[in-house]
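What follows is a short report on a single structure.
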Amino acid sequence: MSPEAPPLSRRAFLSGSAATVGLTLAGCGFLPKDPAANGDPDRPIKVRPDGDLVYFNWADFVSPEVFEGFEKEYGVKVVQSNYDSMEGMVAKLNAGNRYDIIFPTAKWAQRLADGNLLRRIDHSRLDNADRIFDRYDYFADPWYDKRSAHTVPFTMYKTGIGWRKDRIGDDLEGSWSDLWNKRASGRVFVLDDRDEVLGMGALKLGLDLGTSDQDDLDRITDSLQSLRPHLRGFSSDSYNNLLNGNATMTQAWSGDMATMLSQAKKPDLFGFEVAKEGAPLNSDCYAIPANARHPGTAMLFINYMLRPENVKKNIEYIGYPMPVAGTEDTYAAIVEQFPECIVSADDLKADLYFRNGSAADEQARDTAWTHVKAG
């Protein structure tokens, strides 16, 4: 593992997902009035250096060693900018900022693609694309981007529960109900993320992950209210809360738990489980904006990033697995203590993704989330 472990949870700002209030594919405020304004997004991209790479991503989400190798091989510079939420990324795009490569999560990739804001990516021009699409059938035609026409999967992760064994032992039920464990009472955190918390409550009750049915939401909020006496707070900085002792138990993203292992002085004091009722899944994608100035360089970057040797370097740096065949052992070695962090092809088939809903659906979920946070 690289000694330069990223300083803060790269998922800590995903709490911005709650700001999707009422956004629909047709009315989310960033779809262009004239889809042709950026030219034909389906026109083929020539895979060649056509300028420096203007890169827009979460901070510390690509190994500096990989950046350096790319710059040296192709004689270009990587000009980096970072965002702290999906809304922040889209706001920059909507303001006319031009980037060559971005990394939306699945539901945001769908919104951007449906808004004609992404270039089509010809997978046949990527040397190692078959290592993804031949090995992971799910990504060959995912719900968020038909035939992955505008995206290439970058990372994948699941949600579970992290805890301190030195405080409550190792005798848990393997269920979302473990967050109600009285031994952890007063030091339990859940993620500061609408979909994750409502989804956890739904799975615990055997309901659909992204339900917007009012009766379901009432049941979920009632159940989550019973967690309040045990709850210390809402926080997406899961691994730091465990490391510094603020949390005895926390809802957590698998990639952050892998990062925690690299920083813990005594990793054996910690545990991570995936609930038997199901684990929400998510993924980040490579995507090229329709107004990218250097799409050829962007294609070269994706191609370079998909080389197994570079995938392995990046997995070791960020702690998140990447769906590239031949790199699975690298991630498995990192999370040997937490094998539940591994996202398999079978996990992806479970299709427990958070999806975009109608304006009414999103409003109902926003209202439920407000009630949960208000207590």
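Letters for chains follow the order of the structure tokens (A, B, ...), residue numbers begin at 1 for each chain, and ligand numbers begin at 1 in the order shown.
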When you look at region 282-289 of chain A with a cut-off of 7 Å (counting only C-alpha atoms), what residues show up, excluding the ones that are within fewer than 6 positions of it in the same chain? I need them as a PDB file with all heavy atoms, in the first residue's frame.
ATOM      1  N   TYR A  99     -14.113  20.327 -19.354  1.00  0.00           N
ATOM      2  CA  TYR A  99     -13.213  19.301 -18.831  1.00  0.00           C
ATOM      3  C   TYR A  99     -13.139  18.172 -19.853  1.00  0.00           C
ATOM      4  O   TYR A  99     -14.076  17.934 -20.622  1.00  0.00           O
ATOM      5  CB  TYR A  99     -13.727  18.752 -17.495  1.00  0.00           C
ATOM      6  CG  TYR A  99     -13.983  19.819 -16.462  1.00  0.00           C
ATOM      7  CD1 TYR A  99     -15.280  20.301 -16.242  1.00  0.00           C
ATOM      8  CD2 TYR A  99     -12.944  20.373 -15.725  1.00  0.00           C
ATOM      9  CE1 TYR A  99     -15.522  21.292 -15.310  1.00  0.00           C
ATOM     10  CE2 TYR A  99     -13.179  21.368 -14.789  1.00  0.00           C
ATOM     11  CZ  TYR A  99     -14.472  21.828 -14.589  1.00  0.00           C
ATOM     12  OH  TYR A  99     -14.706  22.820 -13.669  1.00  0.00           O
ATOM     13  N   ASP A 100     -12.027  17.453 -19.829  1.00  0.00           N
ATOM     14  CA  ASP A 100     -11.840  16.358 -20.780  1.00  0.00           C
ATOM     15  C   ASP A 100     -12.254  15.016 -20.202  1.00  0.00           C
ATOM     16  O   ASP A 100     -12.638  14.113 -20.943  1.00  0.00           O
ATOM     17  CB  ASP A 100     -10.370  16.289 -21.217  1.00  0.00           C
ATOM     18  CG  ASP A 100      -9.919  17.563 -21.895  1.00  0.00           C
ATOM     19  OD1 ASP A 100     -10.718  18.108 -22.695  1.00  0.00           O
ATOM     20  OD2 ASP A 100      -8.800  18.043 -21.618  1.00  0.00           O
ATOM     21  N   ILE A 101     -12.197  14.879 -18.885  1.00  0.00           N
ATOM     22  CA  ILE A 101     -12.568  13.607 -18.256  1.00  0.00           C
ATOM     23  C   ILE A 101     -13.210  13.901 -16.906  1.00  0.00           C
ATOM     24  O   ILE A 101     -12.706  14.733 -16.139  1.00  0.00           O
ATOM     25  CB  ILE A 101     -11.332  12.678 -18.085  1.00  0.00           C
ATOM     26  CG1 ILE A 101     -11.748  11.275 -17.668  1.00  0.00           C
ATOM     27  CG2 ILE A 101     -10.305  13.262 -17.148  1.00  0.00           C
ATOM     28  CD1 ILE A 101     -12.187  10.407 -18.789  1.00  0.00           C
ATOM     29  N   ILE A 102     -14.354  13.257 -16.655  1.00  0.00           N
ATOM     30  CA  ILE A 102     -15.051  13.397 -15.375  1.00  0.00           C
ATOM     31  C   ILE A 102     -15.406  12.004 -14.870  1.00  0.00           C
ATOM     32  O   ILE A 102     -15.296  11.017 -15.600  1.00  0.00           O
ATOM     33  CB  ILE A 102     -16.315  14.273 -15.494  1.00  0.00           C
ATOM     34  CG1 ILE A 102     -17.300  13.670 -16.515  1.00  0.00           C
ATOM     35  CG2 ILE A 102     -15.945  15.707 -15.866  1.00  0.00           C
ATOM     36  CD1 ILE A 102     -18.623  14.400 -16.609  1.00  0.00           C
ATOM     37  N   PHE A 103     -15.880  11.925 -13.622  1.00  0.00           N
ATOM     38  CA  PHE A 103     -16.094  10.628 -12.984  1.00  0.00           C
ATOM     39  C   PHE A 103     -17.434  10.587 -12.238  1.00  0.00           C
ATOM     40  O   PHE A 103     -17.472  10.528 -11.014  1.00  0.00           O
ATOM     41  CB  PHE A 103     -14.938  10.315 -12.026  1.00  0.00           C
ATOM     42  CG  PHE A 103     -13.603  10.218 -12.700  1.00  0.00           C
ATOM     43  CD1 PHE A 103     -12.905  11.364 -13.080  1.00  0.00           C
ATOM     44  CD2 PHE A 103     -13.041   8.984 -12.974  1.00  0.00           C
ATOM     45  CE1 PHE A 103     -11.676  11.271 -13.721  1.00  0.00           C
ATOM     46  CE2 PHE A 103     -11.812   8.874 -13.602  1.00  0.00           C
ATOM     47  CZ  PHE A 103     -11.129  10.021 -13.981  1.00  0.00           C
ATOM     48  N   PRO A 104     -18.545  10.628 -12.964  1.00  0.00           N
ATOM     49  CA  PRO A 104     -19.854  10.616 -12.290  1.00  0.00           C
ATOM     50  C   PRO A 104     -20.185   9.260 -11.676  1.00  0.00           C
ATOM     51  O   PRO A 104     -19.728   8.214 -12.150  1.00  0.00           O
ATOM     52  CB  PRO A 104     -20.825  10.941 -13.428  1.00  0.00           C
ATOM     53  CG  PRO A 104     -20.140  10.421 -14.655  1.00  0.00           C
ATOM     54  CD  PRO A 104     -18.678  10.679 -14.418  1.00  0.00           C
ATOM     55  N   THR A 105     -20.989   9.272 -10.624  1.00  0.00           N
ATOM     56  CA  THR A 105     -21.554   8.035 -10.108  1.00  0.00           C
ATOM     57  C   THR A 105     -22.642   7.578 -11.079  1.00  0.00           C
ATOM     58  O   THR A 105     -23.045   8.309 -11.981  1.00  0.00           O
ATOM     59  CB  THR A 105     -22.157   8.231  -8.715  1.00  0.00           C
ATOM     60  OG1 THR A 105     -23.144   9.272  -8.782  1.00  0.00           O
ATOM     61  CG2 THR A 105     -21.079   8.597  -7.701  1.00  0.00           C
ATOM     62  N   ALA A 106     -23.134   6.362 -10.871  1.00  0.00           N
ATOM     63  CA  ALA A 106     -24.042   5.745 -11.839  1.00  0.00           C
ATOM     64  C   ALA A 106     -25.266   6.610 -12.134  1.00  0.00           C
ATOM     65  O   ALA A 106     -25.593   6.865 -13.296  1.00  0.00           O
ATOM     66  CB  ALA A 106     -24.464   4.363 -11.332  1.00  0.00           C
ATOM     67  N   LEU A 117     -25.002  15.254 -22.726  1.00  0.00           N
ATOM     68  CA  LEU A 117     -23.832  15.988 -22.239  1.00  0.00           C
ATOM     69  C   LEU A 117     -22.568  15.136 -22.201  1.00  0.00           C
ATOM     70  O   LEU A 117     -21.536  15.599 -21.705  1.00  0.00           O
ATOM     71  CB  LEU A 117     -24.115  16.546 -20.843  1.00  0.00           C
ATOM     72  CG  LEU A 117     -25.152  17.669 -20.789  1.00  0.00           C
ATOM     73  CD1 LEU A 117     -25.311  18.180 -19.374  1.00  0.00           C
ATOM     74  CD2 LEU A 117     -24.770  18.810 -21.722  1.00  0.00           C
ATOM     75  N   LEU A 118     -22.641  13.911 -22.731  1.00  0.00           N
ATOM     76  CA  LEU A 118     -21.466  13.045 -22.742  1.00  0.00           C
ATOM     77  C   LEU A 118     -21.169  12.572 -24.155  1.00  0.00           C
ATOM     78  O   LEU A 118     -22.077  12.294 -24.939  1.00  0.00           O
ATOM     79  CB  LEU A 118     -21.689  11.825 -21.835  1.00  0.00           C
ATOM     80  CG  LEU A 118     -21.930  12.094 -20.351  1.00  0.00           C
ATOM     81  CD1 LEU A 118     -22.143  10.775 -19.617  1.00  0.00           C
ATOM     82  CD2 LEU A 118     -20.781  12.873 -19.729  1.00  0.00           C
ATOM     83  N   ARG A 119     -19.869  12.444 -24.474  1.00  0.00           N
ATOM     84  CA  ARG A 119     -19.457  11.884 -25.757  1.00  0.00           C
ATOM     85  C   ARG A 119     -19.615  10.370 -25.743  1.00  0.00           C
ATOM     86  O   ARG A 119     -19.463   9.717 -24.698  1.00  0.00           O
ATOM     87  CB  ARG A 119     -17.988  12.223 -26.037  1.00  0.00           C
ATOM     88  CG  ARG A 119     -17.706  13.690 -26.301  1.00  0.00           C
ATOM     89  CD  ARG A 119     -18.256  14.162 -27.638  1.00  0.00           C
ATOM     90  NE  ARG A 119     -17.638  13.493 -28.767  1.00  0.00           N
ATOM     91  CZ  ARG A 119     -16.561  13.963 -29.423  1.00  0.00           C
ATOM     92  NH1 ARG A 119     -15.987  15.092 -29.023  1.00  0.00           N
ATOM     93  NH2 ARG A 119     -16.059  13.315 -30.442  1.00  0.00           N
ATOM     94  N   HIS A 150     -21.628   5.622 -23.191  1.00  0.00           N
ATOM     95  CA  HIS A 150     -20.977   6.897 -22.875  1.00  0.00           C
ATOM     96  C   HIS A 150     -20.042   6.802 -21.674  1.00  0.00           C
ATOM     97  O   HIS A 150     -19.513   7.817 -21.235  1.00  0.00           O
ATOM     98  CB  HIS A 150     -22.037   7.962 -22.576  1.00  0.00           C
ATOM     99  CG  HIS A 150     -23.094   8.081 -23.616  1.00  0.00           C
ATOM    100  ND1 HIS A 150     -24.249   7.310 -23.604  1.00  0.00           N
ATOM    101  CD2 HIS A 150     -23.175   8.860 -24.720  1.00  0.00           C
ATOM    102  CE1 HIS A 150     -25.001   7.621 -24.648  1.00  0.00           C
ATOM    103  NE2 HIS A 150     -24.374   8.546 -25.335  1.00  0.00           N
ATOM    104  N   THR A 151     -19.889   5.623 -21.126  1.00  0.00           N
ATOM    105  CA  THR A 151     -19.108   5.463 -19.891  1.00  0.00           C
ATOM    106  C   THR A 151     -18.270   4.196 -19.935  1.00  0.00           C
ATOM    107  O   THR A 151     -18.538   3.267 -20.689  1.00  0.00           O
ATOM    108  CB  THR A 151     -20.033   5.381 -18.655  1.00  0.00           C
ATOM    109  OG1 THR A 151     -20.933   4.277 -18.818  1.00  0.00           O
ATOM    110  CG2 THR A 151     -20.824   6.661 -18.469  1.00  0.00           C
ATOM    111  N   VAL A 152     -17.268   4.180 -19.070  1.00  0.00           N
ATOM    112  CA  VAL A 152     -16.481   2.985 -18.759  1.00  0.00           C
ATOM    113  C   VAL A 152     -16.411   2.928 -17.241  1.00  0.00           C
ATOM    114  O   VAL A 152     -16.101   3.941 -16.596  1.00  0.00           O
ATOM    115  CB  VAL A 152     -15.061   3.068 -19.357  1.00  0.00           C
ATOM    116  CG1 VAL A 152     -14.214   1.881 -18.910  1.00  0.00           C
ATOM    117  CG2 VAL A 152     -15.119   3.133 -20.884  1.00  0.00           C
ATOM    118  N   PRO A 153     -16.733   1.802 -16.609  1.00  0.00           N
ATOM    119  CA  PRO A 153     -16.703   1.761 -15.140  1.00  0.00           C
ATOM    120  C   PRO A 153     -15.297   2.000 -14.589  1.00  0.00           C
ATOM    121  O   PRO A 153     -14.309   1.511 -15.140  1.00  0.00           O
ATOM    122  CB  PRO A 153     -17.207   0.349 -14.811  1.00  0.00           C
ATOM    123  CG  PRO A 153     -17.049  -0.438 -16.062  1.00  0.00           C
ATOM    124  CD  PRO A 153     -17.181   0.525 -17.184  1.00  0.00           C
ATOM    125  N   PHE A 154     -15.235   2.758 -13.516  1.00  0.00           N
ATOM    126  CA  PHE A 154     -13.962   3.125 -12.892  1.00  0.00           C
ATOM    127  C   PHE A 154     -13.768   2.370 -11.575  1.00  0.00           C
ATOM    128  O   PHE A 154     -12.859   1.566 -11.443  1.00  0.00           O
ATOM    129  CB  PHE A 154     -13.949   4.643 -12.675  1.00  0.00           C
ATOM    130  CG  PHE A 154     -12.756   5.176 -11.924  1.00  0.00           C
ATOM    131  CD1 PHE A 154     -11.467   4.805 -12.251  1.00  0.00           C
ATOM    132  CD2 PHE A 154     -12.931   6.081 -10.881  1.00  0.00           C
ATOM    133  CE1 PHE A 154     -10.361   5.307 -11.554  1.00  0.00           C
ATOM    134  CE2 PHE A 154     -11.847   6.592 -10.183  1.00  0.00           C
ATOM    135  CZ  PHE A 154     -10.569   6.201 -10.521  1.00  0.00           C
ATOM    136  N   THR A 155     -14.625   2.630 -10.588  1.00  0.00           N
ATOM    137  CA  THR A 155     -14.560   1.923  -9.315  1.00  0.00           C
ATOM    138  C   THR A 155     -15.930   1.341  -8.983  1.00  0.00           C
ATOM    139  O   THR A 155     -16.929   1.682  -9.608  1.00  0.00           O
ATOM    140  CB  THR A 155     -14.160   2.856  -8.153  1.00  0.00           C
ATOM    141  OG1 THR A 155     -15.167   3.855  -8.002  1.00  0.00           O
ATOM    142  CG2 THR A 155     -12.815   3.506  -8.406  1.00  0.00           C
ATOM    143  N   MET A 156     -15.966   0.480  -7.989  1.00  0.00           N
ATOM    144  CA  MET A 156     -17.235  -0.065  -7.495  1.00  0.00           C
ATOM    145  C   MET A 156     -17.083  -0.294  -5.995  1.00  0.00           C
ATOM    146  O   MET A 156     -15.979  -0.514  -5.500  1.00  0.00           O
ATOM    147  CB  MET A 156     -17.604  -1.363  -8.226  1.00  0.00           C
ATOM    148  CG  MET A 156     -16.510  -2.401  -8.262  1.00  0.00           C
ATOM    149  SD  MET A 156     -16.937  -3.777  -9.373  1.00  0.00           S
ATOM    150  CE  MET A 156     -15.497  -4.840  -9.108  1.00  0.00           C
ATOM    151  N   TYR A 157     -18.196  -0.245  -5.286  1.00  0.00           N
ATOM    152  CA  TYR A 157     -18.137  -0.386  -3.834  1.00  0.00           C
ATOM    153  C   TYR A 157     -19.507  -0.749  -3.295  1.00  0.00           C
ATOM    154  O   TYR A 157     -20.524  -0.627  -3.986  1.00  0.00           O
ATOM    155  CB  TYR A 157     -17.626   0.903  -3.171  1.00  0.00           C
ATOM    156  CG  TYR A 157     -18.339   2.167  -3.587  1.00  0.00           C
ATOM    157  CD1 TYR A 157     -19.348   2.721  -2.804  1.00  0.00           C
ATOM    158  CD2 TYR A 157     -17.989   2.825  -4.764  1.00  0.00           C
ATOM    159  CE1 TYR A 157     -19.987   3.881  -3.174  1.00  0.00           C
ATOM    160  CE2 TYR A 157     -18.633   3.987  -5.161  1.00  0.00           C
ATOM    161  CZ  TYR A 157     -19.631   4.509  -4.368  1.00  0.00           C
ATOM    162  OH  TYR A 157     -20.271   5.661  -4.744  1.00  0.00           O
ATOM    163  N   LYS A 158     -19.545  -1.199  -2.067  1.00  0.00           N
ATOM    164  CA  LYS A 158     -20.794  -1.567  -1.410  1.00  0.00           C
ATOM    165  C   LYS A 158     -20.843  -0.923  -0.024  1.00  0.00           C
ATOM    166  O   LYS A 158     -19.830  -0.393   0.467  1.00  0.00           O
ATOM    167  CB  LYS A 158     -20.911  -3.094  -1.299  1.00  0.00           C
ATOM    168  CG  LYS A 158     -19.830  -3.738  -0.459  1.00  0.00           C
ATOM    169  CD  LYS A 158     -19.994  -5.259  -0.332  1.00  0.00           C
ATOM    170  CE  LYS A 158     -19.772  -6.026  -1.588  1.00  0.00           C
ATOM    171  NZ  LYS A 158     -19.642  -7.496  -1.343  1.00  0.00           N
ATOM    172  N   PRO A 295     -10.776  15.412 -26.350  1.00  0.00           N
ATOM    173  CA  PRO A 295     -11.340  14.067 -26.168  1.00  0.00           C
ATOM    174  C   PRO A 295     -10.386  12.952 -26.552  1.00  0.00           C
ATOM    175  O   PRO A 295     -10.453  11.859 -25.994  1.00  0.00           O
ATOM    176  CB  PRO A 295     -12.578  14.083 -27.075  1.00  0.00           C
ATOM    177  CG  PRO A 295     -12.276  15.113 -28.121  1.00  0.00           C
ATOM    178  CD  PRO A 295     -11.500  16.172 -27.397  1.00  0.00           C
ATOM    179  N   ALA A 298      -8.334  12.319 -23.622  1.00  0.00           N
ATOM    180  CA  ALA A 298      -9.176  11.643 -22.621  1.00  0.00           C
ATOM    181  C   ALA A 298      -9.273  10.145 -22.919  1.00  0.00           C
ATOM    182  O   ALA A 298      -9.196   9.314 -22.007  1.00  0.00           O
ATOM    183  CB  ALA A 298     -10.565  12.266 -22.594  1.00  0.00           C
ATOM    184  N   TYR A 353     -28.761  -0.950  -6.732  1.00  0.00           N
ATOM    185  CA  TYR A 353     -28.288   0.399  -7.005  1.00  0.00           C
ATOM    186  C   TYR A 353     -29.347   1.424  -6.624  1.00  0.00           C
ATOM    187  O   TYR A 353     -30.543   1.160  -6.711  1.00  0.00           O
ATOM    188  CB  TYR A 353     -27.986   0.570  -8.496  1.00  0.00           C
ATOM    189  CG  TYR A 353     -26.608   0.132  -8.934  1.00  0.00           C
ATOM    190  CD1 TYR A 353     -26.355  -1.192  -9.262  1.00  0.00           C
ATOM    191  CD2 TYR A 353     -25.569   1.047  -9.041  1.00  0.00           C
ATOM    192  CE1 TYR A 353     -25.095  -1.595  -9.684  1.00  0.00           C
ATOM    193  CE2 TYR A 353     -24.317   0.664  -9.456  1.00  0.00           C
ATOM    194  CZ  TYR A 353     -24.079  -0.660  -9.782  1.00  0.00           C
ATOM    195  OH  TYR A 353     -22.835  -1.038 -10.186  1.00  0.00           O
TER     196      TYR A 353
END
Excluding Pro339 (chain A) and residues on its chain fewer than 5 positions from it, collect all residues at most 9 Å away from it, counting only C-alpha atoms, and give them as a PyMOL selection string.
chain A and resi 272-273+332
Written selection (all heavy atoms) as a CSV table (one decimal), in the first residue's frame:
chain,number,residue,atom,x,y,z
A,272,PHE,N,-15.7,-5.5,9.8
A,272,PHE,CA,-16.6,-5.0,8.7
A,272,PHE,C,-17.5,-6.1,8.2
A,272,PHE,O,-17.0,-7.2,8.0
A,272,PHE,CB,-15.8,-4.4,7.5
A,272,PHE,CG,-16.7,-3.9,6.4
A,272,PHE,CD1,-17.4,-2.7,6.6
A,272,PHE,CD2,-16.8,-4.6,5.2
A,272,PHE,CE1,-18.2,-2.2,5.6
A,272,PHE,CE2,-17.6,-4.1,4.2
A,272,PHE,CZ,-18.3,-2.9,4.4
A,273,GLU,N,-18.8,-5.8,8.1
A,273,GLU,CA,-19.7,-6.9,7.7
A,273,GLU,C,-20.7,-6.3,6.6
A,273,GLU,O,-20.9,-5.1,6.6
A,273,GLU,CB,-20.5,-7.4,8.8
A,273,GLU,CG,-21.5,-6.4,9.5
A,273,GLU,CD,-22.3,-7.0,10.6
A,273,GLU,OE1,-22.0,-8.1,11.0
A,273,GLU,OE2,-23.3,-6.4,11.0
A,332,ALA,N,-8.0,-8.1,-3.2
A,332,ALA,CA,-8.2,-9.1,-2.2
A,332,ALA,C,-7.1,-9.1,-1.1
A,332,ALA,O,-7.4,-9.3,0.1
A,332,ALA,CB,-8.3,-10.5,-2.8
Using only C-alpha atoms, determine which residues lie at most 6 Å from Leu191 (chain A), disregarding the query and same-chain residues fewer than 6 positions distant; provide the list as a ChimeraX atom specification.
/A:234-236,251
Residue contacts of Thr327 (chain A) (12 Å, only C-alpha atoms) excluding same-chain residues fewer than 3 positions away, as a VMD selection string
chain A and resid 131 to 132 135 306 to 316 320 to 324 330 to 334 342
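The closest residue to Met249 (chain A), picked from A:Ala59, A:Val90, A:Leu352, A:Ala184 and counting only C-alpha atoms, is A:Ala184.
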Mind checking which residues fall within 8 Å of Ile318 (chain A), counting only C-alpha atoms, ignoring those fewer than 3 positions away in the same chain, and posting them as an NGL selection string?
:A and (5-6 or 60-63 or 255 or 259 or 314-315)
Could you save those same residues with N, CA and C atoms as an mmCIF file, in the first residue's frame?
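Done, and the output landed in part.cif:
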data_model
loop_
_atom_site.group_PDB
_atom_site.id
_atom_site.type_symbol
_atom_site.label_atom_id
_atom_site.label_comp_id
_atom_site.auth_asym_id
_atom_site.auth_seq_id
_atom_site.Cartn_x
_atom_site.Cartn_y
_atom_site.Cartn_z
ATOM 1 N N ALA A 5 -1.397 7.505 1.925
ATOM 2 C CA ALA A 5 -2.831 7.188 1.954
ATOM 3 C C ALA A 5 -3.625 8.485 1.909
ATOM 4 N N PRO A 6 -4.697 8.521 1.129
ATOM 5 C CA PRO A 6 -5.504 9.735 1.026
ATOM 6 C C PRO A 6 -5.969 10.210 2.390
ATOM 7 N N ASP A 60 -7.607 13.154 -4.729
ATOM 8 C CA ASP A 60 -6.838 11.975 -4.346
ATOM 9 C C ASP A 60 -7.472 10.667 -4.804
ATOM 10 N N PHE A 61 -7.988 10.655 -6.029
ATOM 11 C CA PHE A 61 -8.663 9.451 -6.493
ATOM 12 C C PHE A 61 -7.912 8.746 -7.614
ATOM 13 N N VAL A 62 -6.724 9.234 -7.933
ATOM 14 C CA VAL A 62 -5.820 8.557 -8.870
ATOM 15 C C VAL A 62 -4.414 8.689 -8.309
ATOM 16 N N SER A 63 -3.661 7.610 -8.380
ATOM 17 C CA SER A 63 -2.296 7.612 -7.857
ATOM 18 C C SER A 63 -1.421 8.622 -8.596
ATOM 19 N N GLY A 255 -14.895 0.845 0.447
ATOM 20 C CA GLY A 255 -13.594 1.397 0.095
ATOM 21 C C GLY A 255 -12.962 2.169 1.224
ATOM 22 N N THR A 259 -9.319 1.643 3.249
ATOM 23 C CA THR A 259 -8.376 2.712 3.582
ATOM 24 C C THR A 259 -8.064 2.718 5.070
ATOM 25 N N ASN A 314 -3.434 1.884 -8.768
ATOM 26 C CA ASN A 314 -4.502 2.752 -8.292
ATOM 27 C C ASN A 314 -5.328 2.088 -7.197
ATOM 28 N N ILE A 315 -5.560 0.790 -7.325
ATOM 29 C CA ILE A 315 -6.279 0.068 -6.270
ATOM 30 C C ILE A 315 -5.522 0.183 -4.954
#
Enumerate, as number ranges by chain, the complete set of residues in region 38-181 of chain A that a backbone-based DSSP assignment places in helix (DSSP H, G or I).
A: 38, 64-74, 86-94, 106-114, 123-125, 130-133, 137-140, 146-148, 165-168, 176-180
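Proximity to Thr221 (chain A) was assessed for A:Arg48, A:Arg365, A:Lys265, A:Lys77 counting only C-alpha atoms; the smallest distance is recorded for A:Arg365.
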